[in-house]
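One file, work_19.txt, carrying compact mmCIF, C-alpha atoms:
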```
# COMPACT_ATOMS: atom_id res chain seq x y z
CA MET A 1 61.81 -33.78 -8.73
CA PHE A 2 58.44 -32.28 -9.67
CA ASP A 3 56.09 -30.85 -7.07
CA LEU A 4 53.04 -32.40 -8.73
CA LEU A 5 52.49 -34.79 -11.62
CA VAL A 6 49.09 -35.33 -13.23
CA LYS A 7 49.36 -38.66 -15.08
CA GLY A 8 47.52 -39.90 -18.14
CA GLY A 9 44.79 -37.29 -18.45
CA THR A 10 42.83 -36.66 -21.64
CA LEU A 11 43.07 -33.04 -22.77
CA PRO A 12 40.10 -31.21 -24.35
CA ASP A 13 41.59 -31.72 -27.83
CA GLY A 14 41.72 -35.50 -27.31
CA ARG A 15 45.43 -35.88 -26.64
CA VAL A 16 46.52 -38.04 -23.70
CA SER A 17 49.23 -36.27 -21.73
CA ASP A 18 50.99 -36.10 -18.40
CA ILE A 19 51.36 -32.65 -16.88
CA ALA A 20 54.35 -31.94 -14.63
CA ILE A 21 54.25 -28.96 -12.28
CA LYS A 22 56.97 -27.19 -10.38
CA GLY A 23 56.08 -24.16 -8.31
CA ASP A 24 53.22 -22.37 -10.02
CA ARG A 25 54.09 -23.37 -13.59
CA ILE A 26 53.65 -26.31 -15.93
CA VAL A 27 57.19 -27.47 -16.72
CA ALA A 28 56.59 -30.53 -18.92
CA THR A 29 53.80 -32.22 -20.87
CA GLY A 30 53.44 -35.33 -23.01
CA ARG A 31 54.98 -38.52 -21.64
CA VAL A 32 56.78 -37.33 -18.54
CA GLU A 33 59.34 -39.44 -16.69
CA GLY A 34 60.51 -38.43 -13.25
CA GLU A 35 59.62 -38.38 -9.58
CA ALA A 36 57.09 -36.07 -8.00
CA ARG A 37 56.14 -35.21 -4.44
CA GLU A 38 52.53 -35.94 -5.37
CA VAL A 39 51.00 -37.86 -8.27
CA ILE A 40 47.38 -37.58 -9.40
CA ASP A 41 46.24 -40.46 -11.59
CA ALA A 42 43.96 -38.92 -14.23
CA THR A 43 43.88 -41.94 -16.54
CA GLY A 44 40.68 -41.84 -18.53
CA ASP A 45 39.64 -38.50 -17.06
CA LEU A 46 39.37 -35.11 -18.72
CA VAL A 47 42.03 -32.59 -17.71
CA SER A 48 41.03 -29.03 -18.57
CA PRO A 49 42.30 -25.55 -17.95
CA PRO A 50 40.18 -23.87 -15.25
CA PHE A 51 36.70 -22.54 -15.86
CA VAL A 52 36.33 -18.81 -16.40
CA ASP A 53 33.29 -16.57 -15.79
CA PRO A 54 33.51 -13.20 -17.60
CA HIS A 55 30.25 -11.82 -16.21
CA PHE A 56 29.11 -11.95 -12.59
CA HIS A 57 27.76 -9.75 -9.77
CA LEU A 58 29.71 -10.70 -6.67
CA ASP A 59 28.50 -7.78 -4.56
CA ALA A 60 24.91 -9.09 -4.70
CA THR A 61 25.52 -12.84 -4.64
CA LEU A 62 23.84 -15.09 -2.05
CA SER A 63 21.44 -12.30 -1.03
CA TYR A 64 18.30 -13.97 -2.39
CA GLY A 65 15.22 -12.90 -0.41
CA LEU A 66 16.83 -9.69 0.85
CA PRO A 67 15.00 -7.40 1.39
CA ARG A 68 12.32 -9.67 -0.13
CA VAL A 69 11.80 -12.06 -3.02
CA ASN A 70 11.53 -10.76 -6.60
CA ALA A 71 7.83 -11.56 -7.04
CA SER A 72 7.55 -10.61 -10.72
CA GLY A 73 10.83 -12.23 -11.73
CA THR A 74 11.69 -9.21 -13.88
CA LEU A 75 14.96 -7.41 -14.43
CA LEU A 76 13.52 -4.10 -13.24
CA GLU A 77 12.16 -5.46 -9.95
CA GLY A 78 15.55 -7.06 -9.35
CA ILE A 79 17.27 -3.71 -9.89
CA ALA A 80 14.83 -2.04 -7.49
CA LEU A 81 15.39 -4.69 -4.80
CA TRP A 82 19.16 -4.44 -5.15
CA GLY A 83 18.85 -0.65 -4.90
CA GLU A 84 17.30 -1.09 -1.46
CA LEU A 85 19.76 -3.74 -0.30
CA ARG A 86 22.98 -1.97 -1.33
CA ASP A 87 22.17 0.98 0.93
CA VAL A 88 21.80 -1.17 4.06
CA ALA A 89 24.26 -4.00 3.39
CA THR A 90 27.51 -3.62 5.31
CA VAL A 91 30.98 -4.19 3.92
CA ASP A 92 31.40 -7.20 6.19
CA GLU A 93 28.14 -8.77 4.97
CA MET A 94 29.06 -8.36 1.31
CA VAL A 95 32.57 -9.68 1.91
CA ALA A 96 31.26 -12.72 3.79
CA ARG A 97 28.76 -13.65 1.06
CA ALA A 98 31.30 -13.13 -1.71
CA LEU A 99 33.91 -15.28 0.06
CA ILE A 100 31.40 -18.12 0.44
CA TYR A 101 30.73 -17.90 -3.28
CA CYS A 102 34.47 -17.94 -4.00
CA ASP A 103 34.72 -21.13 -1.91
CA TRP A 104 32.06 -22.65 -4.15
CA ALA A 105 33.89 -21.40 -7.23
CA ALA A 106 37.20 -22.88 -6.08
CA SER A 107 35.54 -26.26 -5.50
CA MET A 108 34.08 -26.15 -9.03
CA GLY A 109 37.34 -25.26 -10.77
CA LEU A 110 36.14 -21.71 -11.49
CA LEU A 111 39.40 -19.85 -11.01
CA ALA A 112 38.83 -16.59 -12.91
CA ILE A 113 35.83 -14.28 -12.48
CA ARG A 114 34.98 -10.86 -13.84
CA SER A 115 32.55 -9.22 -11.44
CA HIS A 116 30.58 -6.05 -12.02
CA VAL A 117 30.58 -3.84 -8.92
CA ASP A 118 27.75 -1.33 -8.48
CA THR A 119 29.28 2.14 -8.25
CA THR A 120 25.95 4.00 -7.93
CA PRO A 121 25.89 4.79 -4.17
CA ASP A 122 28.08 7.64 -2.97
CA HIS A 123 29.30 5.52 -0.03
CA LEU A 124 30.95 3.01 -2.44
CA ARG A 125 30.80 0.27 0.20
CA THR A 126 30.32 -2.15 -2.67
CA VAL A 127 33.70 -1.13 -4.06
CA GLU A 128 35.41 -1.33 -0.68
CA ALA A 129 33.98 -4.79 -0.10
CA MET A 130 34.91 -6.24 -3.48
CA LEU A 131 38.44 -4.86 -3.35
CA GLU A 132 38.85 -6.65 -0.02
CA VAL A 133 37.53 -9.87 -1.54
CA LYS A 134 39.90 -9.52 -4.48
CA ALA A 135 42.86 -9.23 -2.11
CA ARG A 136 41.74 -12.20 -0.01
CA VAL A 137 41.28 -14.63 -2.93
CA ALA A 138 44.24 -13.38 -4.99
CA SER A 139 46.34 -16.48 -4.34
CA TYR A 140 43.85 -18.82 -6.03
CA ILE A 141 41.24 -16.85 -8.04
CA ASP A 142 41.86 -14.17 -10.67
CA LEU A 143 39.19 -11.58 -9.90
CA GLN A 144 38.60 -8.66 -12.28
CA LEU A 145 36.35 -5.89 -10.99
CA VAL A 146 34.19 -3.76 -13.29
CA ALA A 147 33.12 -0.24 -12.31
CA PHE A 148 29.43 -0.60 -13.08
CA PRO A 149 27.01 2.36 -12.76
CA GLN A 150 23.92 0.18 -12.20
CA ASP A 151 21.50 3.13 -12.19
CA GLY A 152 23.07 4.77 -15.24
CA LEU A 153 26.15 6.86 -15.89
CA TYR A 154 23.99 9.94 -16.48
CA ARG A 155 20.62 8.90 -15.06
CA HIS A 156 21.95 8.95 -11.50
CA PRO A 157 23.12 12.42 -10.38
CA THR A 158 26.57 11.21 -9.28
CA GLY A 159 26.80 8.23 -11.62
CA ARG A 160 29.79 9.42 -13.63
CA GLU A 161 31.59 10.91 -10.66
CA ASN A 162 31.32 7.68 -8.67
CA LEU A 163 32.47 5.54 -11.60
CA ILE A 164 35.63 7.67 -11.83
CA ARG A 165 36.12 7.42 -8.05
CA ALA A 166 35.81 3.63 -8.25
CA LEU A 167 38.36 3.40 -11.07
CA ASP A 168 40.72 5.60 -9.06
CA LYS A 169 40.36 3.17 -6.14
CA GLY A 170 41.66 0.36 -8.35
CA LEU A 171 38.80 -1.28 -10.23
CA ASP A 172 40.02 -2.92 -13.41
CA VAL A 173 37.36 -2.51 -16.10
CA VAL A 174 35.00 0.24 -17.29
CA GLY A 175 31.32 -0.74 -17.25
CA GLY A 176 28.05 0.84 -18.31
CA ILE A 177 24.35 0.31 -18.95
CA PRO A 178 23.23 2.51 -21.88
CA HIS A 179 19.72 1.05 -22.19
CA PHE A 180 18.96 2.18 -18.62
CA GLU A 181 19.69 5.85 -19.33
CA ARG A 182 16.69 8.17 -19.69
CA THR A 183 16.86 8.42 -23.48
CA MET A 184 18.42 6.60 -26.40
CA ALA A 185 20.53 9.70 -26.98
CA ASP A 186 21.83 9.64 -23.39
CA GLY A 187 22.61 5.95 -23.79
CA ALA A 188 24.63 6.57 -26.94
CA GLU A 189 26.48 9.48 -25.31
CA SER A 190 27.29 7.34 -22.28
CA LEU A 191 28.95 4.81 -24.57
CA ARG A 192 31.06 7.49 -26.21
CA ASP A 193 32.10 8.68 -22.75
CA LEU A 194 32.81 5.22 -21.34
CA CYS A 195 34.89 4.05 -24.30
CA ARG A 196 36.86 7.27 -24.16
CA ILE A 197 37.54 6.72 -20.45
CA ALA A 198 38.67 3.14 -21.10
CA ALA A 199 40.97 4.22 -23.93
CA GLU A 200 42.51 7.08 -21.97
CA ARG A 201 43.19 4.86 -18.96
CA GLY A 202 44.33 1.85 -20.98
CA LEU A 203 41.59 -0.30 -19.46
CA ARG A 204 39.17 -2.91 -20.71
CA ALA A 205 35.48 -2.11 -21.17
CA ASP A 206 32.56 -4.43 -20.51
CA ILE A 207 29.11 -2.93 -21.09
CA HIS A 208 25.69 -4.25 -20.08
CA CYS A 209 24.23 -3.57 -23.50
CA ASP A 210 20.66 -3.89 -24.79
CA GLU A 211 19.46 -6.18 -22.00
CA SER A 212 15.96 -5.71 -23.31
CA ASP A 213 13.25 -7.32 -25.42
CA ASP A 214 12.94 -4.08 -27.37
CA PRO A 215 14.25 -4.60 -30.94
CA LEU A 216 14.87 -0.85 -31.16
CA SER A 217 17.38 -0.98 -28.34
CA ARG A 218 20.40 -0.79 -30.64
CA HIS A 219 23.17 0.55 -28.44
CA VAL A 220 25.46 -2.29 -29.52
CA GLU A 221 25.80 -0.48 -32.86
CA THR A 222 27.18 2.59 -31.09
CA LEU A 223 29.34 0.43 -28.85
CA ALA A 224 30.91 -1.29 -31.85
CA ALA A 225 31.55 2.07 -33.51
CA GLU A 226 33.22 3.52 -30.41
CA VAL A 227 35.30 0.38 -29.86
CA THR A 228 36.52 0.78 -33.45
CA ARG A 229 37.10 4.53 -33.04
CA HIS A 230 39.29 4.05 -29.96
CA GLY A 231 40.98 0.85 -31.10
CA LEU A 232 39.81 -1.09 -28.05
CA GLY A 233 39.33 -4.28 -30.07
CA GLY A 234 39.35 -7.39 -27.90
CA ARG A 235 39.67 -5.27 -24.77
CA ALA A 236 35.95 -4.50 -25.09
CA ALA A 237 32.87 -6.67 -24.64
CA GLY A 238 29.14 -6.24 -24.90
CA SER A 239 27.27 -8.29 -22.32
CA HIS A 240 23.74 -9.68 -22.66
CA LEU A 241 22.79 -8.18 -26.09
CA THR A 242 19.35 -9.74 -25.66
CA SER A 243 17.50 -7.23 -27.87
CA MET A 244 19.23 -8.90 -30.81
CA HIS A 245 16.87 -11.86 -30.43
CA SER A 246 14.00 -9.53 -31.41
CA MET A 247 15.70 -7.51 -34.16
CA ASP A 248 14.73 -8.00 -37.78
CA ASN A 249 17.13 -10.06 -39.83
CA TYR A 250 17.98 -7.31 -42.29
CA TYR A 251 19.25 -5.00 -39.55
CA VAL A 252 21.21 -7.85 -37.94
CA SER A 253 22.83 -8.60 -41.30
CA LYS A 254 24.28 -5.08 -41.13
CA LEU A 255 25.04 -5.19 -37.40
CA LEU A 256 27.07 -8.39 -37.15
CA PRO A 257 29.81 -7.30 -39.57
CA LEU A 258 30.17 -4.04 -37.60
CA ILE A 259 30.64 -5.96 -34.36
CA ALA A 260 33.13 -8.29 -36.05
CA GLU A 261 35.04 -5.34 -37.51
CA SER A 262 35.41 -3.77 -34.06
CA GLY A 263 37.03 -6.89 -32.60
CA MET A 264 34.89 -6.70 -29.47
CA ALA A 265 33.55 -9.82 -27.75
CA ALA A 266 30.03 -10.77 -26.69
CA ILE A 267 28.96 -12.29 -23.38
CA PRO A 268 25.46 -13.78 -23.25
CA ASN A 269 24.29 -15.14 -19.90
CA PRO A 270 21.90 -17.97 -20.75
CA LEU A 271 20.56 -18.88 -17.31
CA ILE A 272 19.61 -15.30 -16.53
CA ASN A 273 18.69 -14.11 -20.01
CA ILE A 274 16.06 -16.80 -20.50
CA THR A 275 14.74 -16.22 -16.97
CA LEU A 276 14.39 -12.42 -17.07
CA GLN A 277 13.56 -11.79 -20.72
CA GLY A 278 10.20 -12.37 -22.37
CA ARG A 279 8.30 -11.58 -19.15
CA HIS A 280 5.88 -9.33 -21.06
CA ASP A 281 5.18 -11.97 -23.69
CA THR A 282 2.15 -14.24 -23.68
CA PHE A 283 2.78 -16.79 -26.43
CA PRO A 284 4.97 -17.37 -28.26
CA LYS A 285 7.51 -16.46 -25.59
CA ARG A 286 10.92 -15.31 -26.76
CA ARG A 287 13.92 -17.26 -25.53
CA GLY A 288 15.75 -14.11 -24.47
CA LEU A 289 19.17 -15.19 -25.74
CA THR A 290 21.20 -13.26 -28.27
CA ARG A 291 22.31 -14.68 -31.64
CA VAL A 292 25.23 -16.78 -30.48
CA LYS A 293 25.93 -19.02 -33.47
CA GLU A 294 25.42 -16.16 -35.92
CA MET A 295 28.01 -14.03 -34.12
CA GLN A 296 30.46 -16.92 -33.99
CA ALA A 297 29.98 -17.47 -37.72
CA HIS A 298 31.24 -13.89 -38.20
CA GLY A 299 34.35 -14.61 -36.14
CA ILE A 300 33.14 -12.77 -33.03
CA THR A 301 34.42 -14.21 -29.75
CA VAL A 302 31.42 -15.24 -27.67
CA GLY A 303 31.68 -16.51 -24.10
CA TRP A 304 29.03 -17.80 -21.71
CA GLY A 305 28.59 -15.90 -18.41
CA GLN A 306 26.95 -16.95 -15.14
CA ASP A 307 25.75 -13.43 -14.18
CA CYS A 308 23.90 -14.24 -10.94
CA VAL A 309 23.67 -16.83 -8.18
CA MET A 310 20.98 -16.57 -5.50
CA ASP A 311 20.46 -12.82 -5.69
CA PRO A 312 17.58 -10.42 -6.49
CA TRP A 313 17.58 -11.53 -10.14
CA TYR A 314 18.08 -15.30 -9.90
CA SER A 315 17.19 -17.74 -7.13
CA LEU A 316 19.39 -20.68 -8.17
CA GLY A 317 22.99 -21.41 -9.17
CA THR A 318 26.03 -23.24 -7.80
CA ALA A 319 29.10 -21.57 -9.37
CA ASP A 320 29.14 -24.33 -11.99
CA MET A 321 30.10 -23.03 -15.43
CA LEU A 322 29.14 -26.40 -16.90
CA ASP A 323 25.55 -25.62 -15.85
CA VAL A 324 25.85 -22.34 -17.74
CA ALA A 325 27.24 -23.97 -20.87
CA PHE A 326 24.69 -26.80 -20.65
CA MET A 327 21.80 -24.33 -20.65
CA GLY A 328 23.41 -22.23 -23.38
CA LEU A 329 23.83 -25.32 -25.54
CA HIS A 330 20.10 -26.01 -25.34
CA VAL A 331 18.79 -22.49 -25.81
CA ALA A 332 21.19 -21.68 -28.66
CA GLN A 333 20.46 -25.10 -30.20
CA MET A 334 24.17 -25.91 -30.39
CA THR A 335 23.70 -29.67 -30.59
CA HIS A 336 26.18 -30.72 -33.29
CA PRO A 337 29.19 -32.44 -31.67
CA GLU A 338 31.47 -29.61 -32.79
CA GLU A 339 29.06 -27.02 -31.39
CA MET A 340 28.80 -28.84 -28.06
CA ALA A 341 32.59 -28.95 -27.81
CA ARG A 342 32.60 -25.24 -28.62
CA CYS A 343 30.27 -24.63 -25.66
CA PHE A 344 32.94 -26.14 -23.42
CA ARG A 345 35.58 -23.86 -24.94
CA MET A 346 33.26 -20.90 -24.33
CA VAL A 347 33.56 -21.37 -20.55
CA THR A 348 37.29 -22.03 -20.71
CA GLU A 349 39.50 -20.77 -23.55
CA ASP A 350 37.12 -18.20 -25.06
CA ASN A 351 36.29 -16.65 -21.71
CA ALA A 352 39.98 -16.54 -20.82
CA ARG A 353 40.57 -14.62 -24.06
CA ILE A 354 37.78 -12.17 -23.20
CA MET A 355 39.32 -11.50 -19.78
CA GLY A 356 42.83 -11.28 -21.23
CA LEU A 357 44.22 -13.88 -18.83
CA GLU A 358 47.97 -14.38 -19.09
CA GLY A 359 49.56 -17.81 -18.83
CA TYR A 360 46.25 -19.61 -19.33
CA GLY A 361 46.33 -23.11 -20.79
CA LEU A 362 47.90 -26.54 -20.47
CA GLU A 363 51.14 -26.04 -22.35
CA LYS A 364 54.64 -25.89 -20.92
CA GLY A 365 55.22 -22.50 -19.31
CA CYS A 366 51.54 -21.86 -18.57
CA MET A 367 50.24 -21.19 -15.08
CA ALA A 368 49.73 -24.49 -13.28
CA SER A 369 45.97 -24.13 -12.86
CA LEU A 370 43.79 -26.98 -14.09
CA VAL A 371 40.84 -29.22 -13.33
CA VAL A 372 40.50 -33.02 -13.40
CA LEU A 373 36.93 -33.97 -14.32
CA ASP A 374 35.07 -37.26 -14.08
CA ALA A 375 34.41 -37.33 -17.83
CA GLY A 376 36.16 -38.61 -20.92
CA ASN A 377 35.81 -35.53 -23.11
CA PRO A 378 34.29 -32.01 -23.10
CA VAL A 379 30.89 -33.13 -24.41
CA GLU A 380 30.59 -35.78 -21.73
CA ALA A 381 31.60 -33.19 -19.15
CA LEU A 382 28.69 -31.03 -20.30
CA ARG A 383 26.23 -33.91 -20.37
CA LEU A 384 27.10 -34.98 -16.83
CA ARG A 385 28.05 -31.58 -15.41
CA ALA A 386 30.98 -33.70 -14.34
CA GLU A 387 32.41 -33.90 -10.83
CA ARG A 388 35.64 -31.99 -10.28
CA LEU A 389 37.88 -34.74 -8.94
CA ALA A 390 40.76 -32.32 -8.36
CA VAL A 391 41.21 -28.58 -8.72
CA ILE A 392 44.74 -27.21 -8.95
CA SER A 393 45.39 -23.49 -8.67
CA ARG A 394 48.88 -22.14 -9.28
CA GLY A 395 50.48 -25.46 -8.53
CA LYS A 396 48.50 -26.28 -5.38
CA VAL A 397 45.65 -28.76 -5.05
CA ILE A 398 42.87 -26.66 -3.52
CA SER A 399 39.91 -29.04 -3.85
CA ARG A 400 39.34 -32.80 -4.13
CA ARG A 401 36.22 -34.86 -4.59
CA ASP A 402 35.60 -38.61 -4.71
CA ARG A 403 33.84 -40.20 -7.66
CA ASN A 404 30.12 -40.22 -7.07
CA ASP A 405 29.26 -43.71 -8.31
CA ALA A 406 25.82 -44.98 -7.31
CA ARG A 407 25.46 -48.34 -5.56
CA LEU A 408 22.79 -50.57 -7.08
CA ALA A 409 20.76 -53.33 -5.46
CA LEU A 410 19.32 -54.96 -8.57
CA SER A 411 19.36 -58.67 -9.30
CA GLY A 412 21.62 -59.50 -12.22
CA ARG A 413 22.92 -55.96 -12.61
CA PRO A 414 26.26 -54.39 -11.63
CA GLU A 415 26.87 -53.40 -8.02
CA SER A 416 27.64 -49.82 -9.00
CA VAL A 417 26.89 -47.49 -11.87
CA ARG A 418 28.71 -44.53 -13.35
CA ARG A 419 26.86 -42.50 -15.97
CA ARG A 420 29.85 -42.07 -18.25
CA HIS A 421 29.26 -43.45 -21.74
CA ARG A 422 31.43 -43.09 -24.81
CA MET A 423 29.61 -41.41 -27.70
CA PRO A 424 30.06 -42.77 -31.24
```
How does this structure look as structure tokens?
Amino acid sequence: MFDLLVKGGTLPDGRVSDIAIKGDRIVATGRVEGEAREVIDATGDLVSPPFVDPHFHLDATLSYGLPRVNASGTLLEGIALWGELRDVATVDEMVARALIYCDWAASMGLLAIRSHVDTTPDHLRTVEAMLEVKARVASYIDLQLVAFPQDGLYRHPTGRENLIRALDKGLDVVGGIPHFERTMADGAESLRDLCRIAAERGLRADIHCDESDDPLSRHVETLAAEVTRHGLGGRAAGSHLTSMHSMDNYYVSKLLPLIAESGMAAIPNPLINITLQGRHDTFPKRRGLTRVKEMQAHGITVGWGQDCVMDPWYSLGTADMLDVAFMGLHVAQMTHPEEMARCFRMVTEDNARIMGLEGYGLEKGCMASLVVLDAGNPVEALRLRAERLAVISRGKVISRRDRNDARLALSGRPESVRRRHRMP
């Protein structure tokens, strides 16, 4: 007797398979015979492992308009607004907003999130709040917390001290922002320090790196060197890397092999990168996205991140990683069928690899977390930003949604319409 049986779903690789669940694990796949306490008929629907977001700011989410709207739409004004808000926001307020977002995430099949937590203020209420959120969602969302010195490890007088305090309180990942230090030299030194801290503590590192239109912001070179020096490999990631869109091709031809050699990953955030970058341009305006396909061609793991939802930097968002991949597909011009399918993997398998998630996948023995989508394949899921018909986390159905077919009143046409359509 199985606890749950998902029948006849189409997996991302095209196979049709049942998935039998007992407790919190997948115990059988393929053609499964046997009784189950509950059966979900997924015939014709896409069954995917859960969506994963390796770059988010949960402490600031759903605070759009507080203390006021970002009038310029720039990264720097957003940082300034958040600097005001974090000193007046209470723990309870941050927890409440973050839990609402986690409700959204659960309903969208987003079951693993890496969130950067601002460790700048001495009060560390941000850290206290996010640790509480992590504990409260632990049964259904994997939440990794990054100690992130938003105002700079060295630029802020207690930046380094507070980062260490936050790690001692139990944050999971070492973060940084070298391009926001006072000088290029300070930025490079901060990277040497941060990678050393990560290596000594056996932690992962995820650095906001070169989030700038300046082609001379080249901290990723130092990051790659330090990741190699300390053997961090896939435990390290460079997020944003937007300056790479403005670098000359000769320098990039040297840079990409160094990043590949280090084994580190890259996390562009397409919705936010194209919104915040290029604000000083007239025309032509730069897209603001790093060189995604070029990095992938060098074997670098690249994952799409959400970054922000309704906060001082971004006014929109719904916790939908298909929105993120859909925008990334367009901006990176990943329109070949194989590239579109890769965009789906970037918000599932590739992001899970970046976060180091254990038991992730749809094979026997994996954690029983998965999503049933109203789509026939990954590309159709992207095209439709498909409805999540069922979300299962650790063996339990935590969200359901009916199909959203439209009812037509047109002479000679069908009574209802569903926008699914098989591609050649």
Residue list as a ChimeraX atom specification for point (38.8, -6.3, -1.2), cut-off 12 Å, all atoms listed in the file: /A:58-59,91-92,94-96,98-99,117,125-138,143-145,169-171
Residues from last step as file, C-alpha atoms, as a PDB file, in the coordinates of the input:
```
ATOM      1  CA  LEU A  58      29.710 -10.700  -6.670  1.00  0.00           C
ATOM      2  CA  ASP A  59      28.500  -7.780  -4.560  1.00  0.00           C
ATOM      3  CA  VAL A  91      30.980  -4.190   3.920  1.00  0.00           C
ATOM      4  CA  ASP A  92      31.400  -7.200   6.190  1.00  0.00           C
ATOM      5  CA  MET A  94      29.060  -8.360   1.310  1.00  0.00           C
ATOM      6  CA  VAL A  95      32.570  -9.680   1.910  1.00  0.00           C
ATOM      7  CA  ALA A  96      31.260 -12.720   3.790  1.00  0.00           C
ATOM      8  CA  ALA A  98      31.300 -13.130  -1.710  1.00  0.00           C
ATOM      9  CA  LEU A  99      33.910 -15.280   0.060  1.00  0.00           C
ATOM     10  CA  VAL A 117      30.580  -3.840  -8.920  1.00  0.00           C
ATOM     11  CA  ARG A 125      30.800   0.270   0.200  1.00  0.00           C
ATOM     12  CA  THR A 126      30.320  -2.150  -2.670  1.00  0.00           C
ATOM     13  CA  VAL A 127      33.700  -1.130  -4.060  1.00  0.00           C
ATOM     14  CA  GLU A 128      35.410  -1.330  -0.680  1.00  0.00           C
ATOM     15  CA  ALA A 129      33.980  -4.790  -0.100  1.00  0.00           C
ATOM     16  CA  MET A 130      34.910  -6.240  -3.480  1.00  0.00           C
ATOM     17  CA  LEU A 131      38.440  -4.860  -3.350  1.00  0.00           C
ATOM     18  CA  GLU A 132      38.850  -6.650  -0.020  1.00  0.00           C
ATOM     19  CA  VAL A 133      37.530  -9.870  -1.540  1.00  0.00           C
ATOM     20  CA  LYS A 134      39.900  -9.520  -4.480  1.00  0.00           C
ATOM     21  CA  ALA A 135      42.860  -9.230  -2.110  1.00  0.00           C
ATOM     22  CA  ARG A 136      41.740 -12.200  -0.010  1.00  0.00           C
ATOM     23  CA  VAL A 137      41.280 -14.630  -2.930  1.00  0.00           C
ATOM     24  CA  ALA A 138      44.240 -13.380  -4.990  1.00  0.00           C
ATOM     25  CA  LEU A 143      39.190 -11.580  -9.900  1.00  0.00           C
ATOM     26  CA  GLN A 144      38.600  -8.660 -12.280  1.00  0.00           C
ATOM     27  CA  LEU A 145      36.350  -5.890 -10.990  1.00  0.00           C
ATOM     28  CA  LYS A 169      40.360   3.170  -6.140  1.00  0.00           C
ATOM     29  CA  GLY A 170      41.660   0.360  -8.350  1.00  0.00           C
ATOM     30  CA  LEU A 171      38.800  -1.280 -10.230  1.00  0.00           C
TER      31      LEU A 171
END
```
Neighbours of region 327-335 of chain A within 12 Å (all atoms listed in the file; same-chain residues fewer than 2 positions away dropped), as a ChimeraX atom specification? /A:245,267-275,286-296,302-306,317,320-325,337-347,379,382-383,385
Among A:Val32, A:Ala60, A:Leu85, A:Val417, Asp311 (chain A) is approached most closely, using only C-alpha atoms, by A:Ala60
With 8 Å of padding per side, what axis-aligned box (centre and edge lengths, Å, one decimal) covers all the listed atoms of region 342-355 of chain A? Give it as lines of an AutoDock Vina configuration file.
```
center_x = 35.4
center_y = -18.8
center_z = -24.2
size_x = 26.3
size_y = 30.6
size_z = 24.8
```
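The residue that comes closest to Glu226 (chain A), out of A:Ser190, A:Asn249, A:Thr90, A:Thr61 and on the basis of all atoms listed in the file, is A:Ser190.
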